[in-house]
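Raw contents of run_4.cif, mmCIF, C-alpha atoms:
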data_input
#
loop_
_atom_site.group_PDB
_atom_site.id
_atom_site.type_symbol
_atom_site.label_atom_id
_atom_site.label_comp_id
_atom_site.auth_asym_id
_atom_site.auth_seq_id
_atom_site.Cartn_x
_atom_site.Cartn_y
_atom_site.Cartn_z
ATOM 1 C CA MET A 82 -14.166 -22.501 18.669
ATOM 2 C CA ILE A 83 -10.883 -20.720 18.073
ATOM 3 C CA ASP A 84 -9.838 -18.219 20.731
ATOM 4 C CA PHE A 85 -8.036 -15.231 19.210
ATOM 5 C CA THR A 86 -7.583 -13.440 22.546
ATOM 6 C CA PRO A 87 -3.870 -14.302 22.965
ATOM 7 C CA LEU A 88 -3.129 -13.185 19.401
ATOM 8 C CA LEU A 89 -5.022 -9.932 19.900
ATOM 9 C CA GLU A 90 -3.225 -9.298 23.199
ATOM 10 C CA PHE A 91 0.133 -9.922 21.550
ATOM 11 C CA SER A 92 -0.794 -7.486 18.795
ATOM 12 C CA ARG A 93 -1.696 -4.773 21.292
ATOM 13 C CA GLN A 94 1.281 -5.378 23.606
ATOM 14 C CA HIS A 95 3.772 -5.080 20.755
ATOM 15 C CA CYS A 96 1.999 -2.314 18.863
ATOM 16 C CA LEU A 97 4.962 0.002 18.444
ATOM 17 C CA THR A 98 7.191 -2.772 17.120
ATOM 18 C CA ILE A 99 4.516 -4.118 14.784
ATOM 19 C CA CYS A 100 3.709 -0.679 13.379
ATOM 20 C CA ALA A 101 7.388 0.231 13.074
ATOM 21 C CA GLY A 102 7.842 -2.828 10.896
ATOM 22 C CA LEU A 103 4.607 -2.953 8.935
ATOM 23 C CA VAL A 104 4.353 0.705 7.906
ATOM 24 C CA PRO A 105 7.671 0.835 5.996
ATOM 25 C CA LEU A 106 7.124 -2.679 4.627
ATOM 26 C CA ASN A 107 3.726 -1.635 3.267
ATOM 27 C CA LEU A 108 5.140 1.475 1.642
ATOM 28 C CA LEU A 109 8.159 -0.277 0.144
ATOM 29 C CA ALA A 110 6.226 -3.303 -1.130
ATOM 30 C CA THR A 111 3.575 -1.089 -2.736
ATOM 31 C CA LEU A 112 6.264 1.139 -4.251
ATOM 32 C CA LEU A 113 7.970 -1.948 -5.691
ATOM 33 C CA THR A 114 4.720 -3.069 -7.303
ATOM 34 C CA MET A 115 4.262 0.414 -8.755
ATOM 35 C CA ILE A 116 7.784 0.370 -10.192
ATOM 36 C CA LEU A 117 7.308 -3.088 -11.684
ATOM 37 C CA ALA A 118 4.043 -2.000 -13.295
ATOM 38 C CA ALA A 119 5.623 1.195 -14.626
ATOM 39 C CA LEU A 120 8.477 -0.779 -16.183
ATOM 40 C CA SER A 121 5.992 -3.246 -17.756
ATOM 41 C CA TYR A 122 7.315 -6.323 -15.992
ATOM 42 C CA PRO A 123 5.579 -9.643 -16.696
ATOM 43 C CA HIS A 124 2.212 -10.131 -15.053
ATOM 44 C CA HIS A 125 3.390 -12.955 -12.789
ATOM 45 C CA ARG A 126 6.017 -10.625 -11.261
ATOM 46 C CA LEU A 127 3.310 -8.072 -10.496
ATOM 47 C CA TRP A 128 1.242 -10.790 -8.838
ATOM 48 C CA GLN A 129 4.215 -11.834 -6.701
ATOM 49 C CA SER A 130 5.015 -8.305 -5.620
ATOM 50 C CA ALA A 131 1.376 -7.442 -4.978
ATOM 51 C CA GLY A 132 0.914 -10.679 -3.043
ATOM 52 C CA VAL A 133 3.713 -9.777 -0.665
ATOM 53 C CA ALA A 134 2.339 -6.236 -0.333
ATOM 54 C CA TRP A 135 -1.142 -7.615 0.359
ATOM 55 C CA VAL A 136 0.215 -9.796 3.169
ATOM 56 C CA PHE A 137 1.791 -6.768 4.847
ATOM 57 C CA ALA A 138 -1.301 -4.610 4.290
ATOM 58 C CA ILE A 139 -3.717 -7.237 5.583
ATOM 59 C CA ALA A 140 -1.489 -7.763 8.631
ATOM 60 C CA LEU A 141 -1.630 -4.011 9.303
ATOM 61 C CA VAL A 142 -5.411 -3.912 8.887
ATOM 62 C CA LEU A 143 -5.846 -6.871 11.240
ATOM 63 C CA HIS A 144 -3.499 -5.270 13.773
ATOM 64 C CA VAL A 145 -5.527 -2.049 13.719
ATOM 65 C CA TRP A 146 -8.717 -4.079 13.914
ATOM 66 C CA SER A 147 -7.454 -5.550 17.209
ATOM 67 C CA TRP A 148 -7.519 -2.013 18.607
ATOM 68 C CA PHE A 149 -11.002 -1.314 17.241
ATOM 69 C CA ILE A 150 -12.272 -4.480 18.952
ATOM 70 C CA ILE A 151 -11.460 -3.089 22.405
ATOM 71 C CA GLY A 152 -12.829 0.340 21.536
ATOM 72 C CA VAL A 153 -9.690 2.360 20.864
ATOM 73 C CA VAL A 154 -10.786 5.019 18.415
ATOM 74 C CA ALA A 155 -7.959 7.476 17.816
ATOM 75 C CA ILE A 156 -6.297 9.292 14.956
ATOM 76 C CA PRO A 157 -3.395 6.786 14.631
ATOM 77 C CA THR A 158 -5.789 3.872 14.258
ATOM 78 C CA PHE A 159 -7.656 5.609 11.438
ATOM 79 C CA VAL A 160 -4.426 6.678 9.728
ATOM 80 C CA LEU A 161 -2.995 3.168 9.874
ATOM 81 C CA MET A 162 -6.257 1.645 8.674
ATOM 82 C CA ALA A 163 -6.330 4.103 5.776
ATOM 83 C CA LEU A 164 -2.724 3.216 4.926
ATOM 84 C CA GLY A 165 -3.490 -0.498 4.874
ATOM 85 C CA ILE A 166 -6.626 -0.100 2.770
ATOM 86 C CA THR A 167 -4.834 2.274 0.387
ATOM 87 C CA CYS A 168 -1.971 -0.184 -0.112
ATOM 88 C CA ILE A 169 -4.411 -3.019 -0.760
ATOM 89 C CA SER A 170 -6.312 -0.880 -3.274
ATOM 90 C CA ILE A 171 -3.223 0.340 -5.129
ATOM 91 C CA ASN A 172 -1.832 -3.174 -5.436
ATOM 92 C CA ALA A 173 -5.176 -4.509 -6.668
ATOM 93 C CA TRP A 174 -5.356 -1.706 -9.242
ATOM 94 C CA LEU A 175 -1.812 -2.428 -10.412
ATOM 95 C CA VAL A 176 -2.455 -6.148 -10.782
ATOM 96 C CA TRP A 177 -5.693 -5.794 -12.724
ATOM 97 C CA GLN A 178 -4.809 -2.697 -14.780
ATOM 98 C CA PRO A 179 -1.025 -2.299 -14.977
ATOM 99 C CA GLU A 180 -1.279 -0.411 -18.276
ATOM 100 C CA LYS A 181 -3.015 2.425 -16.413
ATOM 101 C CA MET A 182 0.176 2.973 -14.401
ATOM 102 C CA VAL A 183 2.162 3.398 -17.603
ATOM 103 C CA GLU A 184 -0.453 5.861 -18.878
ATOM 104 C CA LEU A 185 -0.347 7.785 -15.596
ATOM 105 C CA ILE A 186 3.430 8.067 -15.681
ATOM 106 C CA SER A 187 3.455 9.254 -19.281
ATOM 107 C CA TRP A 188 0.763 11.826 -18.435
ATOM 108 C CA VAL A 189 2.775 13.082 -15.444
ATOM 109 C CA ARG A 190 5.938 13.197 -17.561
ATOM 110 C CA GLN A 191 4.162 15.151 -20.305
ATOM 111 C CA SER A 192 2.606 17.553 -17.792
ATOM 112 C CA TRP A 193 5.978 18.135 -16.171
ATOM 113 C CA HIS A 194 7.551 18.744 -19.568
ATOM 114 C CA ASP A 195 4.805 21.246 -20.467
ATOM 115 C CA TYR A 196 5.197 22.993 -17.112
ATOM 116 C CA ARG A 197 8.955 23.288 -17.523
ATOM 117 C CA LYS A 198 8.468 24.579 -21.055
ATOM 118 C CA LEU A 199 6.160 27.337 -19.759
ATOM 119 C CA ASP A 200 8.571 28.142 -16.965
ATOM 120 C CA LEU A 201 11.460 28.645 -19.384
ATOM 121 C CA GLU A 202 9.518 30.998 -21.670
#

What would you get if you wrote out this structure as structure tokens?
Amino acid sequence: MIDFTPLLEFSRQHCLTICAGLVPLNLLATLLTMILAALSYPHHRLWQSAGVAWVFAIALVLHVWSWFIIGVVAIPTFVLMALGITCISINAWLVWQPEKMVELISWVRQSWHDYRKLDLE
């Protein structure tokens, strides 16, 4: 049987460093996938970008899970878990329905234009 104890201990001992790296990587990789979807890049590019983002997000979820295993239940663990799950979900949505991102951006653009038009009147 595989013993994950040393890996879990490493994860907990270097928590600050791991989180300081994974949080911005998650945000940037997910943002890149969103930009690629908005610009209608080819599907294989979305898969590549989302794949990288999924690796970072899954690493963050597993890191937080190492804290849940020993019973640490605190606000940062829930926030980081929510961030990881949100990044996974957004990237999955962008891979399977990239046209929805284009629709969302055009809706936001139109709403902003309508708002500005009302503001100027």

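Put simply, CA of Ala140 in chain A is 10.5 Å away from CA of Met162 in chain A.
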
Please determine the residues with any atom at most 9 Å from (-9.7, -10.9, 16.8) (coordinates as given in the file, with only C-alpha atoms counting) and report them as an mmCIF file with C-alpha atoms, in the coordinates of the input.
data_model
loop_
_atom_site.group_PDB
_atom_site.id
_atom_site.type_symbol
_atom_site.label_atom_id
_atom_site.label_comp_id
_atom_site.auth_asym_id
_atom_site.auth_seq_id
_atom_site.Cartn_x
_atom_site.Cartn_y
_atom_site.Cartn_z
ATOM 1 C CA ASP A 84 -9.838 -18.219 20.731
ATOM 2 C CA PHE A 85 -8.036 -15.231 19.210
ATOM 3 C CA THR A 86 -7.583 -13.440 22.546
ATOM 4 C CA LEU A 88 -3.129 -13.185 19.401
ATOM 5 C CA LEU A 89 -5.022 -9.932 19.900
ATOM 6 C CA LEU A 143 -5.846 -6.871 11.240
ATOM 7 C CA HIS A 144 -3.499 -5.270 13.773
ATOM 8 C CA TRP A 146 -8.717 -4.079 13.914
ATOM 9 C CA SER A 147 -7.454 -5.550 17.209
ATOM 10 C CA ILE A 150 -12.272 -4.480 18.952
#

**Study point:** Residue list as a ChimeraX atom specification for point (0.5, -2.7, 20.0), cut-off 12 Å, all atoms listed in the file
**Key:** /A:88-103,141,143-149,153,157-158

Review point. Smallest atom-to-atom distance to Leu164 in chain A: which of A:Leu106, A:Ala138, A:Leu112, A:Ala118, using all atoms listed in the file?
Key: A:Ala138

Exercise for review: Please evaluate the PyMOL selection byres ((chain A and resi 130) around 12) against the structure above and give the resulting residues as number ranges by chain.
Suggested key: A: 106-107, 109-118, 122-129, 131-137, 169, 171-173, 175-176

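CA of Glu180 in chain A is found 23.3 Å from CA of Gly165 in chain A.
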
Taking all atoms of range 120-127 of chain A that appear in the file, build a box with edges along x, y and z, extend it by 3 Å on every side, and state its centre and edge lengths in Å to one decimal, as JSON.
{"center_x": 5.3, "center_y": -6.9, "center_z": -14.1, "size_x": 12.3, "size_y": 18.2, "size_z": 13.3}

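Note that CA of Ala119 in chain A and CA of Val183 in chain A are 5.1 Å apart.
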
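Distances to Ala163 in chain A were evaluated for A:Leu120, A:Pro179, A:Val189, A:Val142 using all atoms listed in the file, and the minimum falls at A:Val142.
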
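With only C-alpha atoms as the atoms that count, the residue of A:Phe159, A:Pro87, A:Ile151, A:Ser121 with the shortest distance to Lys181 in chain A is A:Ser121.
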
Would it be fine to have range 159-172 of chain A, with all heavy atoms, given as a CSV table (one decimal), in the first residue's frame?
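Wrote it out as part_19.csv, contents follow:
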chain,number,residue,atom,x,y,z
A,159,PHE,N,-11.3,26.8,3.6
A,159,PHE,CA,-12.6,26.8,2.8
A,159,PHE,C,-12.4,27.8,1.6
A,159,PHE,O,-12.9,27.5,0.5
A,159,PHE,CB,-13.8,27.2,3.7
A,159,PHE,CG,-14.2,26.1,4.6
A,159,PHE,CD1,-14.1,26.2,6.0
A,159,PHE,CD2,-14.8,24.9,4.1
A,159,PHE,CE1,-14.4,25.2,6.8
A,159,PHE,CE2,-15.2,23.9,4.9
A,159,PHE,CZ,-15.0,24.0,6.3
A,160,VAL,N,-11.8,28.9,1.9
A,160,VAL,CA,-11.6,29.9,0.8
A,160,VAL,C,-10.7,29.3,-0.3
A,160,VAL,O,-11.0,29.4,-1.5
A,160,VAL,CB,-11.0,31.2,1.3
A,160,VAL,CG1,-10.5,32.1,0.2
A,160,VAL,CG2,-11.9,31.9,2.2
A,161,LEU,N,-9.6,28.6,0.1
A,161,LEU,CA,-8.7,28.0,-0.9
A,161,LEU,C,-9.4,26.8,-1.6
A,161,LEU,O,-9.2,26.6,-2.9
A,161,LEU,CB,-7.4,27.5,-0.3
A,161,LEU,CG,-6.5,28.7,0.2
A,161,LEU,CD1,-5.4,28.1,1.1
A,161,LEU,CD2,-6.0,29.5,-1.0
A,162,MET,N,-10.2,26.1,-0.9
A,162,MET,CA,-10.9,25.0,-1.6
A,162,MET,C,-11.9,25.5,-2.6
A,162,MET,O,-12.1,25.0,-3.7
A,162,MET,CB,-11.7,24.1,-0.5
A,162,MET,CG,-12.4,22.9,-1.1
A,162,MET,SD,-11.3,21.7,-1.8
A,162,MET,CE,-10.8,20.8,-0.4
A,163,ALA,N,-12.6,26.6,-2.2
A,163,ALA,CA,-13.6,27.2,-3.1
A,163,ALA,C,-12.9,27.8,-4.3
A,163,ALA,O,-13.4,27.7,-5.4
A,163,ALA,CB,-14.4,28.3,-2.4
A,164,LEU,N,-11.7,28.4,-4.1
A,164,LEU,CA,-11.0,28.9,-5.3
A,164,LEU,C,-10.6,27.7,-6.2
A,164,LEU,O,-10.8,27.9,-7.5
A,164,LEU,CB,-9.7,29.6,-4.8
A,164,LEU,CG,-8.7,30.0,-5.9
A,164,LEU,CD1,-9.4,31.1,-6.8
A,164,LEU,CD2,-7.4,30.5,-5.3
A,165,GLY,N,-10.1,26.6,-5.7
A,165,GLY,CA,-9.7,25.5,-6.6
A,165,GLY,C,-10.9,24.9,-7.3
A,165,GLY,O,-10.8,24.7,-8.5
A,166,ILE,N,-12.0,24.7,-6.6
A,166,ILE,CA,-13.2,24.2,-7.3
A,166,ILE,C,-13.8,25.2,-8.3
A,166,ILE,O,-14.2,24.7,-9.4
A,166,ILE,CB,-14.2,23.8,-6.2
A,166,ILE,CG1,-13.7,22.6,-5.4
A,166,ILE,CG2,-15.6,23.5,-6.8
A,166,ILE,CD1,-14.5,22.3,-4.2
A,167,THR,N,-13.7,26.4,-8.0
A,167,THR,CA,-14.2,27.5,-8.9
A,167,THR,C,-13.4,27.5,-10.2
A,167,THR,O,-13.9,27.5,-11.3
A,167,THR,CB,-14.2,28.8,-8.3
A,167,THR,OG1,-15.1,28.8,-7.1
A,167,THR,CG2,-14.7,29.9,-9.2
A,168,CYS,N,-12.0,27.4,-10.0
A,168,CYS,CA,-11.2,27.4,-11.2
A,168,CYS,C,-11.4,26.1,-12.1
A,168,CYS,O,-11.4,26.2,-13.3
A,168,CYS,CB,-9.7,27.5,-10.8
A,168,CYS,SG,-9.3,29.1,-10.2
A,169,ILE,N,-11.6,25.0,-11.4
A,169,ILE,CA,-11.9,23.8,-12.1
A,169,ILE,C,-13.2,23.9,-12.9
A,169,ILE,O,-13.3,23.5,-14.1
A,169,ILE,CB,-11.9,22.5,-11.2
A,169,ILE,CG1,-10.5,22.2,-10.6
A,169,ILE,CG2,-12.5,21.3,-11.9
A,169,ILE,CD1,-10.5,21.2,-9.5
A,170,SER,N,-14.2,24.4,-12.3
A,170,SER,CA,-15.5,24.6,-12.9
A,170,SER,C,-15.5,25.6,-14.1
A,170,SER,O,-16.0,25.3,-15.1
A,170,SER,CB,-16.5,25.1,-11.9
A,170,SER,OG,-16.6,24.2,-10.8
A,171,ILE,N,-14.8,26.7,-13.9
A,171,ILE,CA,-14.7,27.7,-15.0
A,171,ILE,C,-14.0,27.1,-16.2
A,171,ILE,O,-14.4,27.3,-17.3
A,171,ILE,CB,-14.1,29.0,-14.5
A,171,ILE,CG1,-15.0,29.7,-13.5
A,171,ILE,CG2,-13.7,29.9,-15.6
A,171,ILE,CD1,-14.4,30.9,-12.8
A,172,ASN,N,-12.9,26.4,-15.9
A,172,ASN,CA,-12.2,25.9,-17.0
A,172,ASN,C,-12.9,24.8,-17.7
A,172,ASN,O,-12.9,24.7,-19.0
A,172,ASN,CB,-10.8,25.3,-16.6
A,172,ASN,CG,-9.8,26.5,-16.4
A,172,ASN,OD1,-9.4,27.1,-17.3
A,172,ASN,ND2,-9.5,26.8,-15.1
